[in-house]
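The structure appears below as structure tokens.
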Amino acid sequence: VSRLVLILGDQLSKDLSALKKAEKGSDIVVMAEVAEEAGYVKHHPKKIALIFAAMRKFAQALEDGGWDVRYTKLDDPDNAGSIVGELLRRAEETGVAGVICTEPGEWRLLGKLKHAPIKTHILNDDRFIASHAEFEDWAEGRKALRMEYFYRDMRRKTGLMMEGDQPAGDKWNYDHENRKPAPEDVTYDGPLWFEPDEVVEEVLELVEARFSDHFGDLRPFGFATTREQALEALSHFVKHALPKFGDYQDAMLEDHKFLYHAIVSPYINLGLLGPLEVCQAVEKAWKDGDAPINAAEGFIRQIIGWREYVRGIYFMEGPDYTERNVLKQSRDLPDFYWGAETKMNCVAHAVAQTREEAYAHHIQRLMVTGNFALLAGVDPHQVHEWYLAVYADAYEWVEAPNVVGMSQFADGGIIASKPYVSSGSYINRMSDYCKGCDYSVSKKTGEGACPFNLLYWHFLDRHRDRFEGNGRMGNMYRTWDRMDEGRRETVLKEAEAWLKQLDGGEVV
Ligand code: FAD
Ligand code: DLZ
Ligand code: SF4
């Protein structure tokens with residue numbers, strides 16, 4: 001008996017569990033561009049184009065390899081508009097009674113597939129280093145789920161940068177070497193981009209016609225859309241940027257959107273590259289003496305550590321995770337996240353680059369847009385939906401724990417042991433944003449004081465009950481308490497006044 005083999009837009013791997021299980025001669029592959037997936041948030045046009053173009057090319061490659069593929073384009077008149085709708089339509093068309101698929105990366109879609117009115121067999125997604133069961137075993141009985149210990153297990157499991165059972169260089173983690181401020185001159189021109197071919201151009205025209213009301217620039221479009229191109233982009237990074245990746249991992253510069261970052265998350269998350277092969281390429285560069293240990297270790301930790309860890313948390317915590325809001329923050333997401341004017345140069349730059357590239361690196365996401373939202377008391381669900389929409393690498397399993405947990409502390413500290421908040425001085429140290437800002441980062445109060453400086457104390461003060469007893473925050477509260485009372489009152493009053501201007505729709 002033949003079955004339908006569903007392949008989702010972020011499952012573009014030849015070794016996908018559903019494909020490994022399927023029979024080439026009899027089973028029928030189903031892939032579909034559908035309004036429901038393109039519309040659960042208003043995805044960045046570049047993200048939609050990347051997914052559709054990569055899907056079309058992947059479908060073609062399967063067909064060339066002898067698979068029977070039924071591919072539905074978004075503008076097909078018969079398009080049922082949803083994944084389950086497409087499965088039912090194809091089942092009727094082919095007379096097939098069952099579906100096999102690989103577990104999707106989102107509770108929403110998993111629920112729909114589990115309850116689909118057609119027999120659906122859902123397989124584990126084994127494109128990760130740790131399975132759900134392995135993660136849960138690791139988490140079982142632990143008071144705090146520290147990424148660092150999970151990461152060490154993943155090092156042992158993969159053997160990456162290991163000498164026997166010891167870490168190479170005798171140290172697990174070189175993070176303290178990876179916090180250098182922005183360099184004077186950057187010797188890397190950024191990632192490898194690809195000229196749109198015919199397939200990509202057709203998709204760009206479709207996306208232009210259908211999603212022009214979504215935030216984000218569609219053109220120029222240069223993402224890799226095949227595994228071969230993604231491998232080239234990876235090699236380019238390893239050769240030209242990896243050596244300095246570690247040193248400047250946390251730095252931000254107005255004129256260098258990509259610095260020494262890899263821009264491989266869109267490709268790994270789509271399935272075009274495997275996490276292990278990416279890490280092995282980086283390990284090899286280090287072994288060959290082409291990259292220092294802090295760069296290679298730092299990079300590998302992001303992938304076999306953080307990436308696996310956040311996925312484990314997402315699936316362990318359950319479908320209500322994106323609804324969490326332990327700090328009870330409720331302000332609407334300001335319009336400047338969607339490109340409206342703001343005088344805060346750091347935020348304006350992080351948002352502009354997000355609009356242009358559907359990309360911002362970790363520190364821009366965490367310490368600029370994330371930090372601001374947390375300080376200003378924005379509803380974490382709105383923050384979550386923004387991140388899910390605007391980044392080309394955003395799928396809920398990876399985005400939600402990073403945003404709801406790490407960045408907004410809305411899960412009460414499962415991922416972050418303390419909230420990631422900072423005043424303007426951190427941004428000033430790590431970037432060149434403050435030089436060109438209307439606000440003054442050195443002013444703590446008064447006309448033109450940097451809003452991060454005011455809101456930082458406002459945040460600590462309004463959440464005092466929760467954080468005062470947190471050992472890692474004691475210093476901050478002691479500093480606050482040492483200020484004289486009049487000064488504390490001025491800071492809080494000015495923070496309130498600034499937030500009022502924000503709420504009133506003034507350009508702030
Ligand atoms: P590099 O800085 O070059 O890092 C190498 C790789 O490590 C990345 O490609 C990525 O695969 C992995 N990685 C690094 N940090 C993380 C992390 N915290 N979680 C998971 N993987 C990580 N990453 C996503 O893939 N999708 C998201 O939707 C996403 N949302 C984020 C939201 C916030 C608020 C924050 C703080 C981080 C988020 N990240 C997300 C993690 C990180 O910002 C991106 O993975 C990274 O910026 C991707 O760019 P890069 O390939 O140049 O990464
Ligand atoms: C993100 C996305 C978009 C924009 N469009 C599609 C689509 O048309 N068809 C499809 O199969 N997948 C799409 N995706 C990816 C899915 O939303 C993703 O598989 C789930 O969110 C689970 O990670
Ligand atoms: Fe951002 Fe403040 Fe620096 Fe302006 S002064 S760029 S608002 S940190």
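Residues in the structure tokens are named by chain (A, B, ... in the order shown) and by number from 1 within that chain; ligands are numbered from 1 in the order shown.
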Do you know which residues are within 6 Å of ligand 2 using only C-alpha atoms and all ligand atoms? Can you write them as a list in words? Leu8, Gly9, Asp10, Ala32, Glu33, Val34, Glu37, Ala38, Ile48, Pro104, Gly105, Glu106 and Tyr395 of chain A
Show me which residues line ligand 3, defined as having an atom within 9 Å of a ligand atom where only C-alpha atoms and all ligand atoms count, and present them as a PyMOL selection string. chain A and resi 343-349+368+423-428+431-443+448-453
Check every protein, DNA and RNA residue against ligand 1, keep those with an atom at most 6 Å away (counting only C-alpha atoms and all ligand atoms), and present them as a ChimeraX atom specification. /A:261-265,299,302-303,306-307,360-362,365-366,370,393-395,398-399,402-403,407
Once you have the residues from the selection above, write them out as a compact mmCIF listing (two decimals), in the first residue's frame, restricted to N, CA and C atoms.
# COMPACT_ATOMS: atom_id res chain seq x y z
N HIS A 261 29.83 37.05 11.44
CA HIS A 261 28.84 36.00 11.71
C HIS A 261 28.63 35.10 10.49
N ALA A 262 28.02 33.94 10.75
CA ALA A 262 27.98 32.90 9.72
C ALA A 262 26.78 32.99 8.78
N ILE A 263 25.68 33.48 9.29
CA ILE A 263 24.41 33.51 8.54
C ILE A 263 24.11 32.10 7.99
N VAL A 264 24.24 31.14 8.83
CA VAL A 264 23.88 29.77 8.40
C VAL A 264 22.61 29.27 9.08
N SER A 265 22.12 30.00 10.09
CA SER A 265 20.90 29.52 10.76
C SER A 265 19.71 29.37 9.80
N PHE A 299 31.69 28.76 18.36
CA PHE A 299 30.73 28.49 17.29
C PHE A 299 30.03 27.14 17.53
N GLN A 302 27.36 27.20 20.15
CA GLN A 302 26.07 27.76 19.75
C GLN A 302 25.19 26.68 19.13
N ILE A 303 25.79 25.80 18.39
CA ILE A 303 24.98 24.84 17.63
C ILE A 303 24.67 23.57 18.43
N TRP A 306 23.51 25.61 22.51
CA TRP A 306 22.29 26.42 22.56
C TRP A 306 21.17 25.92 21.66
N ARG A 307 21.50 25.61 20.43
CA ARG A 307 20.43 25.26 19.48
C ARG A 307 19.69 24.00 19.94
N ALA A 360 19.44 39.71 12.02
CA ALA A 360 20.22 40.51 12.98
C ALA A 360 20.96 39.47 13.79
N HIS A 361 22.13 39.83 14.31
CA HIS A 361 22.82 38.77 15.04
C HIS A 361 22.38 38.74 16.50
N HIS A 362 22.91 37.75 17.18
CA HIS A 362 22.47 37.44 18.52
C HIS A 362 22.40 38.65 19.46
N ARG A 365 19.66 41.08 18.67
CA ARG A 365 18.36 40.54 19.08
C ARG A 365 18.19 40.57 20.59
N LEU A 366 19.28 40.24 21.29
CA LEU A 366 19.18 40.11 22.75
C LEU A 366 19.31 41.45 23.47
N GLY A 370 15.53 43.13 22.12
CA GLY A 370 15.00 42.33 23.24
C GLY A 370 15.11 43.09 24.55
N ASP A 393 15.39 32.96 9.96
CA ASP A 393 15.69 31.68 10.62
C ASP A 393 14.66 31.32 11.68
N ALA A 394 13.53 32.05 11.73
CA ALA A 394 12.62 31.90 12.86
C ALA A 394 11.54 30.83 12.65
N TYR A 395 11.63 29.79 13.41
CA TYR A 395 10.59 28.76 13.53
C TYR A 395 10.36 28.64 15.03
N VAL A 398 12.73 27.20 17.89
CA VAL A 398 13.98 27.88 18.23
C VAL A 398 13.75 29.33 18.64
N GLU A 399 12.77 29.95 18.00
CA GLU A 399 12.51 31.36 18.30
C GLU A 399 11.90 31.54 19.69
N ASN A 402 14.17 31.33 22.78
CA ASN A 402 15.11 32.45 22.76
C ASN A 402 14.43 33.76 23.15
N VAL A 403 13.18 33.93 22.72
CA VAL A 403 12.50 35.20 22.97
C VAL A 403 11.76 35.17 24.31
N SER A 407 15.24 36.01 26.28
CA SER A 407 15.25 37.46 26.16
C SER A 407 14.20 38.15 27.04
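Each of A:Glu86, A:Asp175, A:Asp27, A:Glu506 was compared to Asp68 (chain A) using only C-alpha atoms, and A:Asp27 turns out to be the nearest.
Atom to atom, CA of Lys328 (chain A) and CA of Gly469 (chain A) stand 18.8 Å apart.
Distances to Lys42 (chain A) were evaluated for A:Phe245, A:Trp67, A:Trp338, A:Tyr149 using only C-alpha atoms, and the minimum falls at A:Trp338.
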Please provide the set of residues having any atom within 12 Å of Thr120 (chain A), restricted to only C-alpha atoms, with same-chain residues fewer than 2 positions apart removed, written as a ChimeraX atom specification. /A:3-6,18,84,87-88,91,96-103,110-118,122-123
Show me, as a ChimeraX atom specification, the residues that have an atom within 7 Å of Ala49 (chain A) when counting only C-alpha atoms, minus same-chain residues fewer than 2 positions from it. /A:45-47,51-53,203-204,207
Using DSSP secondary structure from the backbone, list all helix (DSSP H, G or I) positions within region 262-377 of chain A, as an mmCIF file with C-alpha atoms, in the first residue's frame.
data_model
loop_
_atom_site.group_PDB
_atom_site.id
_atom_site.type_symbol
_atom_site.label_atom_id
_atom_site.label_comp_id
_atom_site.auth_asym_id
_atom_site.auth_seq_id
_atom_site.Cartn_x
_atom_site.Cartn_y
_atom_site.Cartn_z
ATOM 1 C CA SER A 265 20.896 29.524 10.758
ATOM 2 C CA PRO A 266 18.404 30.051 7.897
ATOM 3 C CA TYR A 267 19.975 27.101 6.069
ATOM 4 C CA ILE A 268 20.345 24.757 9.035
ATOM 5 C CA ASN A 269 16.800 25.442 10.196
ATOM 6 C CA LEU A 270 15.418 24.742 6.709
ATOM 7 C CA PRO A 275 24.104 20.808 12.437
ATOM 8 C CA LEU A 276 26.806 18.174 12.795
ATOM 9 C CA GLU A 277 28.386 18.726 9.373
ATOM 10 C CA VAL A 278 28.500 22.457 10.019
ATOM 11 C CA CYS A 279 30.312 21.857 13.308
ATOM 12 C CA GLN A 280 32.671 19.351 11.710
ATOM 13 C CA ALA A 281 33.660 21.898 9.064
ATOM 14 C CA VAL A 282 34.482 24.343 11.845
ATOM 15 C CA GLU A 283 36.339 21.729 13.881
ATOM 16 C CA LYS A 284 38.410 20.873 10.821
ATOM 17 C CA ALA A 285 39.432 24.504 10.321
ATOM 18 C CA TRP A 286 40.628 24.594 13.922
ATOM 19 C CA LYS A 287 42.478 21.269 13.574
ATOM 20 C CA ILE A 293 40.236 27.562 19.578
ATOM 21 C CA ASN A 294 38.006 30.310 21.025
ATOM 22 C CA ALA A 295 36.362 30.817 17.622
ATOM 23 C CA ALA A 296 35.774 27.130 16.911
ATOM 24 C CA GLU A 297 34.602 26.270 20.419
ATOM 25 C CA GLY A 298 32.386 29.356 20.578
ATOM 26 C CA PHE A 299 30.728 28.486 17.293
ATOM 27 C CA ILE A 300 30.258 24.801 18.036
ATOM 28 C CA ARG A 301 28.746 25.659 21.439
ATOM 29 C CA GLN A 302 26.069 27.763 19.748
ATOM 30 C CA ILE A 303 24.978 24.838 17.634
ATOM 31 C CA ILE A 304 25.354 21.658 19.676
ATOM 32 C CA GLY A 305 24.788 23.593 22.890
ATOM 33 C CA TRP A 306 22.290 26.423 22.563
ATOM 34 C CA ARG A 307 20.434 25.257 19.479
ATOM 35 C CA GLU A 308 19.804 21.772 20.859
ATOM 36 C CA TYR A 309 19.108 23.034 24.355
ATOM 37 C CA VAL A 310 16.403 25.525 23.326
ATOM 38 C CA ARG A 311 14.692 22.873 21.239
ATOM 39 C CA GLY A 312 14.695 20.542 24.233
ATOM 40 C CA ILE A 313 13.088 23.214 26.401
ATOM 41 C CA TYR A 314 10.434 24.062 23.780
ATOM 42 C CA PHE A 315 9.208 20.506 23.473
ATOM 43 C CA MET A 316 9.542 19.729 27.168
ATOM 44 C CA GLU A 317 7.621 22.800 28.306
ATOM 45 C CA PRO A 319 2.209 24.252 23.910
ATOM 46 C CA ASP A 320 1.440 26.991 26.454
ATOM 47 C CA TYR A 321 5.060 28.194 26.472
ATOM 48 C CA THR A 322 4.431 31.153 24.156
ATOM 49 C CA GLU A 323 1.624 32.381 26.426
ATOM 50 C CA ASP A 335 5.457 50.986 16.110
ATOM 51 C CA PHE A 336 9.184 51.535 15.646
ATOM 52 C CA TYR A 337 9.623 47.746 15.665
ATOM 53 C CA TRP A 338 7.802 47.928 12.350
ATOM 54 C CA ASN A 345 19.937 54.963 17.072
ATOM 55 C CA CYS A 346 20.652 51.407 18.271
ATOM 56 C CA VAL A 347 17.031 50.334 17.909
ATOM 57 C CA ALA A 348 16.643 52.151 14.596
ATOM 58 C CA HIS A 349 19.676 50.326 13.206
ATOM 59 C CA ALA A 350 18.714 46.883 14.478
ATOM 60 C CA VAL A 351 15.227 47.297 12.999
ATOM 61 C CA ALA A 352 16.469 48.744 9.697
ATOM 62 C CA GLN A 353 18.850 45.868 9.207
ATOM 63 C CA THR A 354 16.093 43.434 10.107
ATOM 64 C CA ARG A 355 13.870 45.026 7.466
ATOM 65 C CA GLU A 356 16.608 44.867 4.862
ATOM 66 C CA GLU A 357 18.043 41.421 5.555
ATOM 67 C CA HIS A 362 22.468 37.439 18.519
ATOM 68 C CA ILE A 363 23.484 40.541 20.476
ATOM 69 C CA GLN A 364 21.304 42.846 18.394
ATOM 70 C CA ARG A 365 18.358 40.539 19.077
ATOM 71 C CA LEU A 366 19.180 40.110 22.753
ATOM 72 C CA MET A 367 20.669 43.389 23.920
ATOM 73 C CA VAL A 368 19.009 45.943 21.631
ATOM 74 C CA THR A 369 15.482 44.998 20.537
ATOM 75 C CA GLY A 370 15.003 42.335 23.235
ATOM 76 C CA ASN A 371 16.523 44.409 26.026
ATOM 77 C CA PHE A 372 14.403 47.418 25.099
ATOM 78 C CA ALA A 373 11.156 45.417 25.047
ATOM 79 C CA LEU A 374 11.909 43.884 28.428
ATOM 80 C CA LEU A 375 12.907 47.198 30.015
ATOM 81 C CA ALA A 376 9.878 48.990 28.580
#
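Minimum atom-to-atom distances from A:Leu218, A:Leu502, A:Ala400, A:Leu454 to Arg488 (chain A) were compared using only C-alpha atoms, and the lowest value belongs to A:Leu454.
Reported to one decimal place, the separation of CA of Ala224 (chain A) from CA of Gln249 (chain A) is 22.8 Å.
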Could you write out, as a PyMOL selection string, all the residues of region 146-349 of chain A that DSSP marks as strand (DSSP E or B)? chain A and resi 162-163+166-167+252-253+256+331
Output file for the residues above (C-alpha atoms, as a CSV table (one decimal), in the first residue's frame):
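Heads up, here's the output in out-v6.csv:
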chain,number,residue,atom,x,y,z
A,162,MET,CA,37.5,16.3,22.4
A,163,GLU,CA,40.7,14.6,23.4
A,166,GLN,CA,38.6,15.8,28.0
A,167,PRO,CA,37.8,19.0,26.1
A,252,MET,CA,27.8,45.6,16.7
A,253,LEU,CA,28.7,48.2,14.0
A,256,HIS,CA,28.8,46.1,9.1
A,331,ARG,CA,2.6,47.4,26.9
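Taking only C-alpha atoms, the non-local environment of Leu62 (chain A) within 12 Å (same-chain residues fewer than 5 positions away omitted) comprises Ile7, Leu12, Ser13, Lys14, Asp15, Leu19, Lys24, Ile28, Val29, Val30, Met31, Met55, Arg56, Lys57, Trp67, Asp68, Val69, Arg70 and Tyr71 of chain A.
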Residues within 9 Å of Pro191 (chain A), please, as JSON, numbers by chain. Count only C-alpha atoms; anything in the same chain fewer than 4 positions from it doesn't count. {"A": [233, 234, 236, 237, 241, 258, 260, 261, 262, 263]}
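Reported to one decimal place, the separation of CA of Phe135 (chain A) from CA of Gln408 (chain A) is 23.0 Å.
Near Gly412 (chain A), within 9 Å and counting only C-alpha atoms, sit Arg324, Asn325, Val326, Leu327 and Gly405 of chain A; same-chain residues fewer than 6 positions away were not included.
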Those residues you just picked out, can you put them in a file as a PDB file, in the first residue's frame with N, CA and C atoms?
ATOM      1  N   ARG A 324       3.344  32.432  28.144  1.00  0.00           N
ATOM      2  CA  ARG A 324       3.815  32.759  29.491  1.00  0.00           C
ATOM      3  C   ARG A 324       4.197  34.237  29.629  1.00  0.00           C
ATOM      4  N   ASN A 325       3.963  34.749  30.853  1.00  0.00           N
ATOM      5  CA  ASN A 325       4.219  36.173  31.088  1.00  0.00           C
ATOM      6  C   ASN A 325       4.359  36.401  32.585  1.00  0.00           C
ATOM      7  N   VAL A 326       5.381  35.780  33.190  1.00  0.00           N
ATOM      8  CA  VAL A 326       5.474  35.839  34.657  1.00  0.00           C
ATOM      9  C   VAL A 326       5.685  37.265  35.172  1.00  0.00           C
ATOM     10  N   LEU A 327       6.256  38.142  34.350  1.00  0.00           N
ATOM     11  CA  LEU A 327       6.471  39.511  34.823  1.00  0.00           C
ATOM     12  C   LEU A 327       5.234  40.386  34.586  1.00  0.00           C
ATOM     13  N   GLY A 405      11.825  32.964  26.679  1.00  0.00           N
ATOM     14  CA  GLY A 405      12.655  32.545  27.802  1.00  0.00           C
ATOM     15  C   GLY A 405      13.885  33.414  27.972  1.00  0.00           C
TER      16      GLY A 405
END
